[in-house]
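Okay, protein-v4.txt is below, compact mmCIF, C-alpha atoms:
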# COMPACT_ATOMS: atom_id res chain seq x y z
CA MET A 1 19.76 5.05 -0.51
CA LYS A 2 18.66 7.46 2.21
CA THR A 3 21.91 9.39 1.73
CA VAL A 4 21.25 9.73 -1.99
CA LEU A 5 17.69 10.90 -1.39
CA ALA A 6 18.88 13.39 1.22
CA TRP A 7 21.42 14.77 -1.26
CA ILE A 8 18.77 15.04 -3.98
CA GLN A 9 16.43 16.85 -1.62
CA ALA A 10 19.15 19.26 -0.50
CA PHE A 11 20.14 19.93 -4.12
CA ALA A 12 16.59 20.58 -5.25
CA VAL A 13 15.80 22.88 -2.34
CA ALA A 14 19.06 24.78 -2.89
CA ILE A 15 18.20 25.72 -6.48
CA GLY A 16 14.49 26.25 -5.84
CA GLY A 17 11.89 25.86 -8.57
CA PRO A 18 14.24 24.42 -11.22
CA GLY A 19 15.21 21.70 -8.76
CA LEU A 20 11.57 20.76 -8.25
CA PHE A 21 11.09 20.69 -12.01
CA ILE A 22 14.09 18.39 -12.56
CA ILE A 23 13.12 15.93 -9.83
CA ALA A 24 9.47 15.88 -10.93
CA PHE A 25 10.55 15.28 -14.53
CA LEU A 26 12.91 12.43 -13.63
CA ASP A 27 10.44 10.87 -11.20
CA SER A 28 7.72 10.82 -13.86
CA SER A 29 9.97 9.53 -16.63
CA PHE A 30 12.78 6.98 -16.40
CA LEU A 31 13.70 7.18 -12.70
CA SER A 32 11.70 6.86 -9.50
CA PHE A 33 12.00 8.95 -6.35
CA PRO A 34 9.02 7.77 -4.28
CA GLN A 35 7.33 10.71 -2.52
CA VAL A 36 10.49 12.85 -2.80
CA ILE A 37 8.73 15.51 -4.86
CA ASP A 38 5.92 15.67 -2.27
CA LEU A 39 8.48 16.33 0.45
CA LEU A 40 10.25 18.91 -1.72
CA VAL A 41 7.02 20.83 -2.26
CA VAL A 42 6.43 20.87 1.49
CA THR A 43 10.00 21.96 2.26
CA SER A 44 10.00 24.68 -0.40
CA VAL A 45 6.63 26.09 0.65
CA LEU A 46 7.72 26.14 4.30
CA GLN A 47 10.70 28.32 3.32
CA HIS A 48 8.77 30.60 0.96
CA PRO A 49 5.00 30.35 1.59
CA HIS A 50 4.07 33.07 -0.92
CA TRP A 51 5.70 31.04 -3.71
CA MET A 52 3.40 28.04 -3.19
CA PRO A 53 1.61 28.37 -6.58
CA TYR A 54 4.99 28.53 -8.33
CA TYR A 55 6.38 25.46 -6.55
CA ALA A 56 3.22 23.43 -7.13
CA GLY A 57 2.96 24.61 -10.74
CA ILE A 58 6.60 23.90 -11.64
CA SER A 59 6.32 20.44 -10.08
CA THR A 60 3.18 19.77 -12.10
CA LEU A 61 4.88 20.94 -15.31
CA GLY A 62 7.91 18.73 -14.68
CA SER A 63 5.64 15.73 -14.09
CA ILE A 64 3.65 16.42 -17.27
CA LEU A 65 6.80 16.57 -19.42
CA GLY A 66 8.27 13.51 -17.74
CA CYS A 67 5.09 11.54 -18.39
CA LEU A 68 4.99 12.76 -21.99
CA THR A 69 8.53 11.42 -22.44
CA ILE A 70 7.72 7.83 -21.55
CA TYR A 71 4.31 8.15 -23.23
CA SER A 72 6.11 9.01 -26.47
CA VAL A 73 8.48 6.07 -26.05
CA ALA A 74 5.51 3.75 -25.48
CA ARG A 75 3.79 5.03 -28.63
CA LYS A 76 6.87 4.05 -30.64
CA GLY A 77 7.84 0.90 -28.74
CA GLY A 78 4.38 -0.60 -28.56
CA GLU A 79 3.07 -3.32 -26.30
CA ALA A 80 6.34 -5.31 -26.43
CA LEU A 81 8.08 -2.53 -24.49
CA LEU A 82 5.28 -2.47 -21.93
CA ARG A 83 5.46 -6.22 -21.32
CA ARG A 84 9.24 -6.14 -20.97
CA ARG A 85 8.96 -3.70 -18.08
CA PHE A 86 5.92 -5.16 -16.31
CA SER A 87 4.60 -8.67 -15.78
CA GLY A 88 2.03 -9.98 -18.22
CA ALA A 89 -0.62 -10.33 -15.52
CA ALA A 90 -0.18 -6.71 -14.40
CA VAL A 91 -0.43 -5.46 -17.98
CA ASP A 92 -3.55 -7.53 -18.65
CA ARG A 93 -5.26 -6.19 -15.51
CA ALA A 94 -4.27 -2.61 -16.35
CA GLN A 95 -5.58 -2.98 -19.91
CA ALA A 96 -8.90 -4.27 -18.62
CA VAL A 97 -9.20 -1.33 -16.21
CA SER A 98 -8.17 1.15 -18.91
CA GLN A 99 -10.68 -0.22 -21.42
CA ARG A 100 -13.46 -0.03 -18.88
CA TYR A 101 -12.76 3.38 -17.32
CA GLY A 102 -10.86 5.29 -20.03
CA VAL A 103 -8.89 8.33 -18.86
CA PHE A 104 -10.03 7.78 -15.26
CA ALA A 105 -7.74 4.75 -15.17
CA LEU A 106 -4.90 7.24 -15.71
CA LEU A 107 -6.29 10.09 -13.62
CA VAL A 108 -6.78 8.17 -10.38
CA PRO A 109 -3.20 6.75 -10.15
CA SER A 110 -1.84 10.25 -10.89
CA LEU A 111 -3.42 11.38 -7.63
CA LEU A 112 -2.20 8.49 -5.52
CA PRO A 113 1.18 8.06 -3.81
CA PRO A 114 3.38 4.98 -4.39
CA PRO A 115 2.95 2.05 -4.76
CA ALA A 116 0.09 2.98 -7.12
CA PRO A 117 1.09 1.70 -10.60
CA PHE A 118 1.07 5.15 -12.17
CA LYS A 119 3.76 4.59 -14.81
CA LEU A 120 2.10 1.40 -15.99
CA PHE A 121 -0.99 3.41 -16.96
CA VAL A 122 1.16 6.17 -18.50
CA LEU A 123 2.86 3.60 -20.76
CA LEU A 124 -0.46 1.94 -21.49
CA ALA A 125 -1.89 5.29 -22.59
CA GLY A 126 0.92 5.58 -25.12
CA VAL A 127 0.47 2.02 -26.36
CA SER A 128 -3.30 2.44 -26.72
CA GLY A 129 -2.88 5.66 -28.71
CA LEU A 130 -4.60 8.05 -26.30
CA ALA A 131 -4.55 11.52 -27.89
CA PRO A 132 -1.51 13.54 -26.66
CA VAL A 133 -3.55 16.60 -25.67
CA ARG A 134 -6.06 14.51 -23.74
CA PHE A 135 -3.22 12.64 -22.08
CA ALA A 136 -1.42 15.85 -21.06
CA LEU A 137 -4.60 17.45 -19.72
CA THR A 138 -5.37 14.36 -17.63
CA ILE A 139 -1.87 14.36 -16.12
CA ALA A 140 -2.05 18.11 -15.53
CA PHE A 141 -5.34 17.81 -13.67
CA GLY A 142 -4.26 14.84 -11.53
CA ARG A 143 -0.76 16.00 -10.67
CA GLY A 144 -1.87 19.61 -10.29
CA LEU A 145 -4.56 18.62 -7.82
CA ARG A 146 -2.02 16.58 -5.88
CA TYR A 147 0.78 19.17 -5.69
CA PHE A 148 -1.45 22.18 -5.14
CA GLY A 149 -3.26 20.17 -2.47
CA ILE A 150 0.05 19.45 -0.74
CA GLY A 151 0.97 23.12 -1.04
CA LEU A 152 -2.29 24.19 0.60
CA LEU A 153 -1.84 21.64 3.39
CA THR A 154 1.61 23.11 4.02
CA LEU A 155 0.18 26.63 4.26
CA TRP A 156 -2.45 25.43 6.73
CA TYR A 157 -0.43 23.04 8.88
CA GLY A 158 3.15 24.32 8.52
CA GLN A 159 5.79 21.99 9.97
CA GLN A 160 3.13 19.46 10.93
CA THR A 161 2.42 18.77 7.23
CA LEU A 162 5.18 16.16 6.93
CA ALA A 163 3.82 14.18 9.88
CA PHE A 164 0.27 14.61 8.56
CA LEU A 165 1.20 13.29 5.11
CA GLU A 166 3.12 10.40 6.59
CA THR A 167 0.12 9.38 8.68
CA ASN A 168 -2.80 10.37 6.47
CA GLY A 169 -1.31 10.92 2.99
CA ARG A 170 -2.75 7.81 1.41
CA THR A 171 -6.16 8.39 2.99
CA VAL A 172 -6.30 11.96 1.68
CA ALA A 173 -5.20 10.81 -1.78
CA PHE A 174 -7.89 8.14 -1.91
CA TRP A 175 -10.52 10.65 -0.81
CA LEU A 176 -9.42 13.05 -3.56
CA ALA A 177 -9.56 10.26 -6.13
CA GLY A 178 -13.01 9.28 -4.90
CA ILE A 179 -14.28 12.85 -5.13
CA VAL A 180 -12.91 13.20 -8.67
CA VAL A 181 -14.50 9.93 -9.78
CA ALA A 182 -17.82 10.80 -8.14
CA GLY A 183 -17.82 14.21 -9.81
CA ALA A 184 -17.05 12.65 -13.17
CA LEU A 185 -19.87 10.14 -12.77
CA VAL A 186 -22.32 12.91 -11.90
CA ALA A 187 -21.19 14.89 -14.95
CA LEU A 188 -21.55 11.80 -17.17
CA ILE A 189 -25.05 11.03 -15.87
CA TRP A 190 -26.08 14.67 -16.32
CA ARG A 191 -24.75 14.68 -19.90
CA GLN A 192 -26.68 11.53 -20.75
CA PHE A 193 -29.80 12.98 -19.16
CA ARG A 194 -29.46 16.17 -21.25
CA ARG A 195 -29.00 14.14 -24.41
CA ARG A 196 -32.17 12.19 -23.73
CA GLN A 197 -34.03 15.42 -23.03
CA ASP A 198 -32.78 16.89 -26.31
CA VAL A 199 -33.94 13.80 -28.17
CA LEU A 200 -37.38 13.94 -26.55
CA THR A 201 -37.85 17.67 -27.20
CA SER A 202 -36.39 17.78 -30.71
CA PRO A 203 -38.87 17.70 -33.63
CA THR A 204 -39.31 14.33 -35.30
CA SER A 205 -38.94 13.81 -38.98
CA ALA A 206 -42.75 13.45 -39.25
CA ASP A 207 -43.23 16.82 -37.57
CA ILE A 208 -40.79 18.42 -40.00
CA ILE A 209 -42.69 17.00 -42.98
CA LEU A 210 -46.00 18.23 -41.66

In structure tokens, how does this file's structure come out?
Amino acid sequence: MKTVLAWIQAFAVAIGGPGLFIIAFLDSSFLSFPQVIDLLVVTSVLQHPHWMPYYAGISTLGSILGCLTIYSVARKGGEALLRRRFSGAAVDRAQAVSQRYGVFALLVPSLLPPPAPFKLFVLLAGVSGLAPVRFALTIAFGRGLRYFGIGLLTLWYGQQTLAFLETNGRTVAFWLAGIVVAGALVALIWRQFRRRQDVLTSPTSADIIL
């Protein structure tokens, strides 16, 4: 397996951006290459630092299209397809989380490295009928934050990035997810506060009559 992964990494690096796109697409669709795309982003940015936005962007695009592929299959195949691929208990837990947290149940796993059950929530989004545009934007934000974050770490730490990610990758990912969730909660609370203020300051029907 290590030989295959080494060959894939060498192939992707050799052809540059298109290689990153292909691996990101496959990893997010029907195949799995755990953390390979993260390593490819690091390797590519080390070779061509000024191309970091391109490498991170093309990886994000490949992941979006790969996720849209299995999302589309899930929309057509329904819940039966989901339960054939994952255990019933895992699906039930994921459905409960998805119903409670909405798109954040998809956003957070998109930021996390394996073994986070990312594809389970991608398939569940298709089964539940999440709007395609909303789905794509959620994946774009999560994967973009992850790959651009890795690209920036590579620019800052150079060769030490691989060792840093190996030691602290999961911790950094969880911190990012926590920051995103906290920011979303603040935005939600602020929106509810503004709505209440609008209701309190808007004229009542009695005022309009008078």

**Q.** Shell of 10 Å around segment 16-21 of chain A, only C-alpha atoms, local chain residues under 2 positions omitted, as a VMD selection string
**A.** chain A and resid 8 to 14 23 to 27 36 to 38 40 to 41 44 48 51 54 to 63 65 to 66

Q: Within 7 Å of segment 79-92 of chain A, counting only C-alpha atoms, which residues show up once you throw out same-chain ones fewer than 5 positions away? Write them as a ChimeraX atom specification, please.
A: /A:74,123,127

Protein/DNA/RNA residues near (-0.7, 18.5, -11.3), cut 9 Å, all atoms listed in the file, as a CSV table (one decimal) with C-alpha atoms, in the coordinates of the input:
chain,number,residue,atom,x,y,z
A,56,ALA,CA,3.2,23.4,-7.1
A,57,GLY,CA,3.0,24.6,-10.7
A,59,SER,CA,6.3,20.4,-10.1
A,60,THR,CA,3.2,19.8,-12.1
A,61,LEU,CA,4.9,20.9,-15.3
A,63,SER,CA,5.6,15.7,-14.1
A,64,ILE,CA,3.6,16.4,-17.3
A,110,SER,CA,-1.8,10.2,-10.9
A,111,LEU,CA,-3.4,11.4,-7.6
A,138,THR,CA,-5.4,14.4,-17.6
A,139,ILE,CA,-1.9,14.4,-16.1
A,140,ALA,CA,-2.0,18.1,-15.5
A,141,PHE,CA,-5.3,17.8,-13.7
A,142,GLY,CA,-4.3,14.8,-11.5
A,143,ARG,CA,-0.8,16.0,-10.7
A,144,GLY,CA,-1.9,19.6,-10.3
A,145,LEU,CA,-4.6,18.6,-7.8
A,146,ARG,CA,-2.0,16.6,-5.9
A,147,TYR,CA,0.8,19.2,-5.7
A,148,PHE,CA,-1.4,22.2,-5.1

Q. Using all atoms listed in the file, which residues sit within 7 Å of Val42 of chain A once same-chain residues fewer than 6 positions away are excluded, as a ChimeraX atom specification?
A. /A:150-151,154

Q) Interatomic distance between atom CA of Cys67 of chain A and atom CA of Pro53 of chain A? A)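 Interatomic distance, atom CA of Cys67 of chain A to atom CA of Pro53 of chain A: 20.9 Å.
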
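The spacing separating atom CA of Leu107 of chain A from atom CA of Val133 of chain A amounts to 14.0 Å.
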
**Q.** Pairwise distance for atom CA of Leu153 of chain A and atom CA of Pro34 of chain A, rounded to one decimal in Å
**A.**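 Atom CA of Pro34 of chain A lies 19.2 Å from atom CA of Leu153 of chain A.
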
How would segment 133-171 of chain A of the given structure read as a file with N, CA and C atoms, as a compact mmCIF listing (two decimals), in the first residue's frame?
# COMPACT_ATOMS: atom_id res chain seq x y z
N VAL A 133 -26.41 24.10 -4.24
CA VAL A 133 -25.57 25.29 -4.09
C VAL A 133 -25.09 25.43 -2.64
N ARG A 134 -26.00 25.21 -1.71
CA ARG A 134 -25.63 25.29 -0.30
C ARG A 134 -24.62 24.21 0.06
N PHE A 135 -24.82 23.02 -0.50
CA PHE A 135 -23.88 21.93 -0.27
C PHE A 135 -22.50 22.29 -0.80
N ALA A 136 -22.43 22.77 -2.05
CA ALA A 136 -21.14 23.09 -2.68
C ALA A 136 -20.43 24.21 -1.93
N LEU A 137 -21.17 25.21 -1.48
CA LEU A 137 -20.56 26.32 -0.76
C LEU A 137 -20.00 25.86 0.59
N THR A 138 -20.71 24.94 1.24
CA THR A 138 -20.23 24.41 2.52
C THR A 138 -18.93 23.65 2.33
N ILE A 139 -18.88 22.79 1.30
CA ILE A 139 -17.66 22.03 1.01
C ILE A 139 -16.53 22.98 0.63
N ALA A 140 -16.85 23.98 -0.18
CA ALA A 140 -15.82 24.94 -0.61
C ALA A 140 -15.21 25.66 0.58
N PHE A 141 -16.05 26.06 1.51
CA PHE A 141 -15.54 26.78 2.68
C PHE A 141 -14.68 25.87 3.55
N GLY A 142 -15.18 24.66 3.84
CA GLY A 142 -14.44 23.74 4.71
C GLY A 142 -13.14 23.27 4.10
N ARG A 143 -13.20 22.76 2.87
CA ARG A 143 -11.99 22.26 2.22
C ARG A 143 -11.04 23.40 1.89
N GLY A 144 -11.59 24.53 1.48
CA GLY A 144 -10.72 25.68 1.18
C GLY A 144 -9.95 26.13 2.41
N LEU A 145 -10.64 26.21 3.54
CA LEU A 145 -9.97 26.59 4.78
C LEU A 145 -8.88 25.60 5.14
N ARG A 146 -9.15 24.33 4.92
CA ARG A 146 -8.16 23.29 5.24
C ARG A 146 -6.93 23.38 4.33
N TYR A 147 -7.14 23.41 3.01
CA TYR A 147 -6.00 23.37 2.08
C TYR A 147 -5.23 24.68 2.04
N PHE A 148 -5.93 25.80 2.14
CA PHE A 148 -5.21 27.07 2.20
C PHE A 148 -4.47 27.19 3.52
N GLY A 149 -5.05 26.65 4.59
CA GLY A 149 -4.35 26.63 5.87
C GLY A 149 -3.07 25.82 5.81
N ILE A 150 -3.14 24.65 5.16
CA ILE A 150 -1.94 23.82 4.99
C ILE A 150 -0.91 24.54 4.13
N GLY A 151 -1.40 25.22 3.09
CA GLY A 151 -0.48 25.98 2.24
C GLY A 151 0.24 27.08 3.00
N LEU A 152 -0.48 27.79 3.86
CA LEU A 152 0.13 28.85 4.65
C LEU A 152 1.13 28.28 5.66
N LEU A 153 0.78 27.15 6.27
CA LEU A 153 1.71 26.51 7.19
C LEU A 153 3.00 26.14 6.48
N THR A 154 2.88 25.69 5.24
CA THR A 154 4.06 25.30 4.46
C THR A 154 4.93 26.52 4.16
N LEU A 155 4.30 27.64 3.84
CA LEU A 155 5.07 28.87 3.60
C LEU A 155 5.79 29.32 4.86
N TRP A 156 5.18 29.13 6.01
CA TRP A 156 5.76 29.58 7.27
C TRP A 156 6.83 28.63 7.80
N TYR A 157 6.57 27.33 7.70
CA TYR A 157 7.43 26.35 8.37
C TYR A 157 8.31 25.54 7.40
N GLY A 158 8.06 25.66 6.10
CA GLY A 158 8.91 24.96 5.13
C GLY A 158 8.90 23.45 5.32
N GLN A 159 10.08 22.85 5.32
CA GLN A 159 10.23 21.41 5.42
C GLN A 159 9.68 20.85 6.74
N GLN A 160 9.60 21.67 7.74
CA GLN A 160 9.12 21.22 9.05
C GLN A 160 7.60 21.02 9.06
N THR A 161 6.91 21.43 7.99
CA THR A 161 5.45 21.35 7.96
C THR A 161 4.96 19.91 8.07
N LEU A 162 5.65 18.99 7.39
CA LEU A 162 5.22 17.59 7.42
C LEU A 162 5.27 17.04 8.83
N ALA A 163 6.37 17.32 9.54
CA ALA A 163 6.49 16.86 10.92
C ALA A 163 5.46 17.56 11.81
N PHE A 164 5.22 18.84 11.54
CA PHE A 164 4.24 19.59 12.33
C PHE A 164 2.84 19.01 12.16
N LEU A 165 2.47 18.71 10.90
CA LEU A 165 1.14 18.16 10.64
C LEU A 165 1.00 16.77 11.24
N GLU A 166 2.06 15.99 11.17
CA GLU A 166 2.01 14.65 11.73
C GLU A 166 1.79 14.69 13.23
N THR A 167 2.40 15.66 13.88
CA THR A 167 2.31 15.76 15.34
C THR A 167 1.09 16.54 15.80
N ASN A 168 0.77 17.62 15.08
CA ASN A 168 -0.26 18.54 15.57
C ASN A 168 -1.43 18.72 14.59
N GLY A 169 -1.45 17.95 13.50
CA GLY A 169 -2.47 18.14 12.47
C GLY A 169 -3.89 18.05 13.00
N ARG A 170 -4.17 17.01 13.77
CA ARG A 170 -5.52 16.84 14.29
C ARG A 170 -5.89 17.95 15.26
N THR A 171 -4.93 18.36 16.08
CA THR A 171 -5.19 19.44 17.04
C THR A 171 -5.53 20.73 16.31
